[in-house]
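Engineer: Dumping the structure here so I can ask a few things about it.
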Amino acid sequence: MKNLETVFMGVDVSKRTLDFCIHDTQQNKSYLIKNSEKEIKKLFNKYASCSSCIIVGVENTGRYNWPMYHALIGMDIKLYVISPLHLKRSLGLVRGKNDKIDAERIMVFIKKHYGELTPWRSPRQQVQKLKILLTERKSIIKMKRQL
């Protein structure tokens, strides 16, 4: 990147892939990458010259966000985790839905509202482990009920 303009990124998270919509220098670019820490770091390294001016919006999808969280620890990037309900209500009635369009809608939302939202902060290691254990417990209980 040549200048220090703010770069806005909207990310649609799924189990295997991440759809990025990136707005920089008055144009939108789309990327589709694997949902892995290595691939995420590789993409963000393209914008390494201005990591402090990158604003990322991602919809909260639970455990599928974890690779993104781990990749961004230690980077000076502002990450905003948006409630799916908040995003849906802010958009109103819209037509068409796929991952690429969702990423673009998240990018537009974060571009308009990032000043009103609280950035995501990495929880302490112990809290993170507890969350993982509680998620696994919930999954096991659900399987037990089904049996």
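Just so we're on the same page: first chain in the structure tokens is A, next is B, and so on; residues restart at 1 for each chain, and ligands are numbered from 1 in the order they show up.
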Neighbours of segment 69-84 of chain A within 10 Å (only C-alpha atoms; same-chain residues fewer than 2 positions away dropped), as a PDB file with C-alpha atoms, in the first residue's frame?
Structural biologist:
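Saved to selection_7.pdb:
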ATOM      1  CA  PHE A   8     -12.141  -1.457   5.627  1.00  0.00           C
ATOM      2  CA  MET A   9     -12.618  -5.230   5.527  1.00  0.00           C
ATOM      3  CA  GLY A  10     -15.825  -7.195   5.807  1.00  0.00           C
ATOM      4  CA  SER A  36      -6.922 -21.149   8.790  1.00  0.00           C
ATOM      5  CA  GLU A  37      -4.591 -18.990  10.814  1.00  0.00           C
ATOM      6  CA  LYS A  38      -1.813 -19.330   8.224  1.00  0.00           C
ATOM      7  CA  GLU A  39      -3.982 -18.135   5.307  1.00  0.00           C
ATOM      8  CA  ILE A  40      -5.370 -15.219   7.320  1.00  0.00           C
ATOM      9  CA  LYS A  41      -1.890 -14.008   8.275  1.00  0.00           C
ATOM     10  CA  LYS A  42      -0.802 -14.321   4.654  1.00  0.00           C
ATOM     11  CA  PHE A  44      -3.021  -9.461   6.235  1.00  0.00           C
ATOM     12  CA  ALA A  48       1.341  -4.867   6.612  1.00  0.00           C
ATOM     13  CA  CYS A  50      -0.447   0.135   7.398  1.00  0.00           C
ATOM     14  CA  SER A  51      -1.763  -2.373   9.917  1.00  0.00           C
ATOM     15  CA  SER A  52      -2.876   0.407  12.293  1.00  0.00           C
ATOM     16  CA  CYS A  53      -5.291   1.765   9.689  1.00  0.00           C
ATOM     17  CA  ILE A  54      -7.049  -1.555   8.986  1.00  0.00           C
ATOM     18  CA  ILE A  55     -10.571  -1.927  10.339  1.00  0.00           C
ATOM     19  CA  VAL A  56     -12.092  -5.409  10.125  1.00  0.00           C
ATOM     20  CA  GLY A  57     -15.728  -6.326  10.677  1.00  0.00           C
ATOM     21  CA  VAL A  58     -16.722  -9.938  11.184  1.00  0.00           C
ATOM     22  CA  GLU A  59     -20.044 -11.536  12.053  1.00  0.00           C
ATOM     23  CA  ASN A  60     -19.996 -13.562  15.268  1.00  0.00           C
ATOM     24  CA  THR A  61     -20.166 -17.221  14.280  1.00  0.00           C
ATOM     25  CA  TYR A  64     -15.434 -20.589  13.367  1.00  0.00           C
ATOM     26  CA  ASN A  65     -14.024 -17.161  14.287  1.00  0.00           C
ATOM     27  CA  TRP A  66     -11.205 -18.628  16.404  1.00  0.00           C
ATOM     28  CA  PRO A  67      -8.596 -18.875  13.602  1.00  0.00           C
ATOM     29  CA  HIS A  86     -27.635  -6.375  14.901  1.00  0.00           C
ATOM     30  CA  LEU A  87     -26.372  -6.693  11.337  1.00  0.00           C
ATOM     31  CA  LYS A  88     -29.663  -8.096  10.057  1.00  0.00           C
ATOM     32  CA  ARG A  89     -31.735  -5.349  11.695  1.00  0.00           C
ATOM     33  CA  SER A  90     -29.467  -2.579  10.404  1.00  0.00           C
ATOM     34  CA  ILE A 106     -20.489  -6.402   6.564  1.00  0.00           C
ATOM     35  CA  PHE A 109     -21.854  -1.772   7.855  1.00  0.00           C
ATOM     36  CA  ILE A 110     -18.470  -1.492   9.566  1.00  0.00           C
ATOM     37  CA  TYR A 114     -17.282   1.426  13.492  1.00  0.00           C
ATOM     38  CA  LEU A 117     -18.919  -0.059  18.248  1.00  0.00           C
ATOM     39  CA  THR A 118     -16.425  -1.471  20.744  1.00  0.00           C
ATOM     40  CA  PRO A 119     -13.383  -3.194  19.232  1.00  0.00           C
ATOM     41  CA  TRP A 120     -12.743  -6.835  20.078  1.00  0.00           C
ATOM     42  CA  ARG A 121     -10.055  -7.533  22.655  1.00  0.00           C
ATOM     43  CA  SER A 122      -8.325 -10.838  23.146  1.00  0.00           C
TER      44      SER A 122
END
Engineer: Fewer than 4 positions away in the same chain doesn't count, so skip those; otherwise give me all residues within 8 Å of segment 102-105 of chain A, counting only C-alpha atoms, as a list in words.
Structural biologist: Gly10, Val11, Asp12, Asp19, Phe20, Cys21, Lys97, Asn98 and Phe109 of chain A
Engineer: Deliver the residues from the most recent selection as a file, using all heavy atoms, as a short mmCIF file (atom, residue, chain, number, x, y, z; two decimals), in the first residue's frame.
Structural biologist:
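Below is the file part01.cif, written as the result:
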data_model
loop_
_atom_site.label_atom_id
_atom_site.label_comp_id
_atom_site.auth_asym_id
_atom_site.auth_seq_id
_atom_site.Cartn_x
_atom_site.Cartn_y
_atom_site.Cartn_z
N GLY A 10 -14.68 -6.43 5.33
CA GLY A 10 -15.83 -7.19 5.81
C GLY A 10 -15.54 -8.67 5.57
O GLY A 10 -15.06 -9.04 4.49
N VAL A 11 -15.80 -9.50 6.58
CA VAL A 11 -15.47 -10.92 6.48
C VAL A 11 -16.70 -11.75 6.77
O VAL A 11 -17.34 -11.59 7.80
CB VAL A 11 -14.35 -11.30 7.48
CG1 VAL A 11 -13.94 -12.75 7.28
CG2 VAL A 11 -13.15 -10.37 7.36
N ASP A 12 -17.04 -12.62 5.82
CA ASP A 12 -18.10 -13.59 6.05
C ASP A 12 -17.43 -14.91 6.39
O ASP A 12 -16.65 -15.45 5.60
CB ASP A 12 -18.99 -13.75 4.81
CG ASP A 12 -20.15 -14.66 5.09
OD1 ASP A 12 -21.01 -14.30 5.90
OD2 ASP A 12 -20.18 -15.77 4.51
N ASP A 19 -14.75 -15.28 3.28
CA ASP A 19 -14.92 -14.36 2.16
C ASP A 19 -14.60 -12.96 2.66
O ASP A 19 -15.25 -12.46 3.58
CB ASP A 19 -16.36 -14.41 1.65
CG ASP A 19 -16.61 -15.57 0.74
OD1 ASP A 19 -16.31 -15.42 -0.46
OD2 ASP A 19 -17.06 -16.62 1.22
N PHE A 20 -13.63 -12.32 2.03
CA PHE A 20 -13.23 -10.97 2.39
C PHE A 20 -13.72 -10.00 1.33
O PHE A 20 -13.60 -10.28 0.13
CB PHE A 20 -11.70 -10.84 2.44
CG PHE A 20 -11.08 -11.31 3.71
CD1 PHE A 20 -10.83 -12.65 3.93
CD2 PHE A 20 -10.72 -10.40 4.69
CE1 PHE A 20 -10.23 -13.09 5.09
CE2 PHE A 20 -10.13 -10.83 5.86
CZ PHE A 20 -9.88 -12.17 6.06
N CYS A 21 -14.24 -8.88 1.75
CA CYS A 21 -14.51 -7.75 0.88
C CYS A 21 -13.68 -6.60 1.44
O CYS A 21 -13.88 -6.18 2.58
CB CYS A 21 -15.98 -7.39 0.84
SG CYS A 21 -16.32 -5.98 -0.24
N LYS A 97 -28.60 -13.38 -1.35
CA LYS A 97 -27.75 -13.76 -0.21
C LYS A 97 -26.76 -14.82 -0.68
O LYS A 97 -27.14 -15.87 -1.14
CB LYS A 97 -28.59 -14.30 0.93
CG LYS A 97 -27.77 -14.77 2.11
CD LYS A 97 -28.56 -14.61 3.37
CE LYS A 97 -27.87 -15.20 4.56
NZ LYS A 97 -26.51 -14.81 4.79
N ASN A 98 -25.50 -14.47 -0.57
CA ASN A 98 -24.42 -15.45 -0.69
C ASN A 98 -23.24 -14.90 0.10
O ASN A 98 -23.29 -13.78 0.61
CB ASN A 98 -24.08 -15.78 -2.15
CG ASN A 98 -23.51 -14.61 -2.91
OD1 ASN A 98 -22.83 -13.75 -2.35
ND2 ASN A 98 -23.77 -14.57 -4.21
N PHE A 109 -21.38 -2.01 6.50
CA PHE A 109 -21.85 -1.77 7.85
C PHE A 109 -20.73 -1.25 8.74
O PHE A 109 -20.89 -0.27 9.46
CB PHE A 109 -22.43 -3.07 8.45
CG PHE A 109 -22.83 -2.94 9.89
CD1 PHE A 109 -24.08 -2.45 10.23
CD2 PHE A 109 -21.96 -3.30 10.91
CE1 PHE A 109 -24.45 -2.32 11.56
CE2 PHE A 109 -22.31 -3.18 12.23
CZ PHE A 109 -23.56 -2.69 12.56
#
Engineer: Let's see if you can do this: from backbone DSSP, list all helix (DSSP H, G or I) residues in chain A, as a count of residues only.
Structural biologist: 74
Engineer: Enumerate as an MDAnalysis selection string all residues of chain A assigned to strand (DSSP E) by DSSP on the backbone, naming them with the chain letters and numbers the document uses.
Structural biologist: chainID A and resid 7:13 17:24 27:34 54:59 78:82
Engineer: Quick one: of A:Arg63, A:Lys111, A:Lys46, A:Lys100, who's nearest to Ser30 of chain A, counting only C-alpha atoms?
Structural biologist: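 Under the stated criterion, the closest residue is A:Lys100.
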Engineer: Kindly give the distance, in Å, that separates atom CA of Met107 of chain A and atom CA of Gln128 of chain A, rounded to a single decimal.
Structural biologist: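 Separation of atom CA of Met107 of chain A and atom CA of Gln128 of chain A: 26.9 Å.
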Engineer: To one decimal place, how far is atom CA of Gln125 of chain A from atom CA of Gly62 of chain A in Å?
Structural biologist: 17.0 Å
Engineer: Interatomic distance between atom CA of Val13 of chain A and atom CA of Asp99 of chain A?
Structural biologist: 8.2 Å
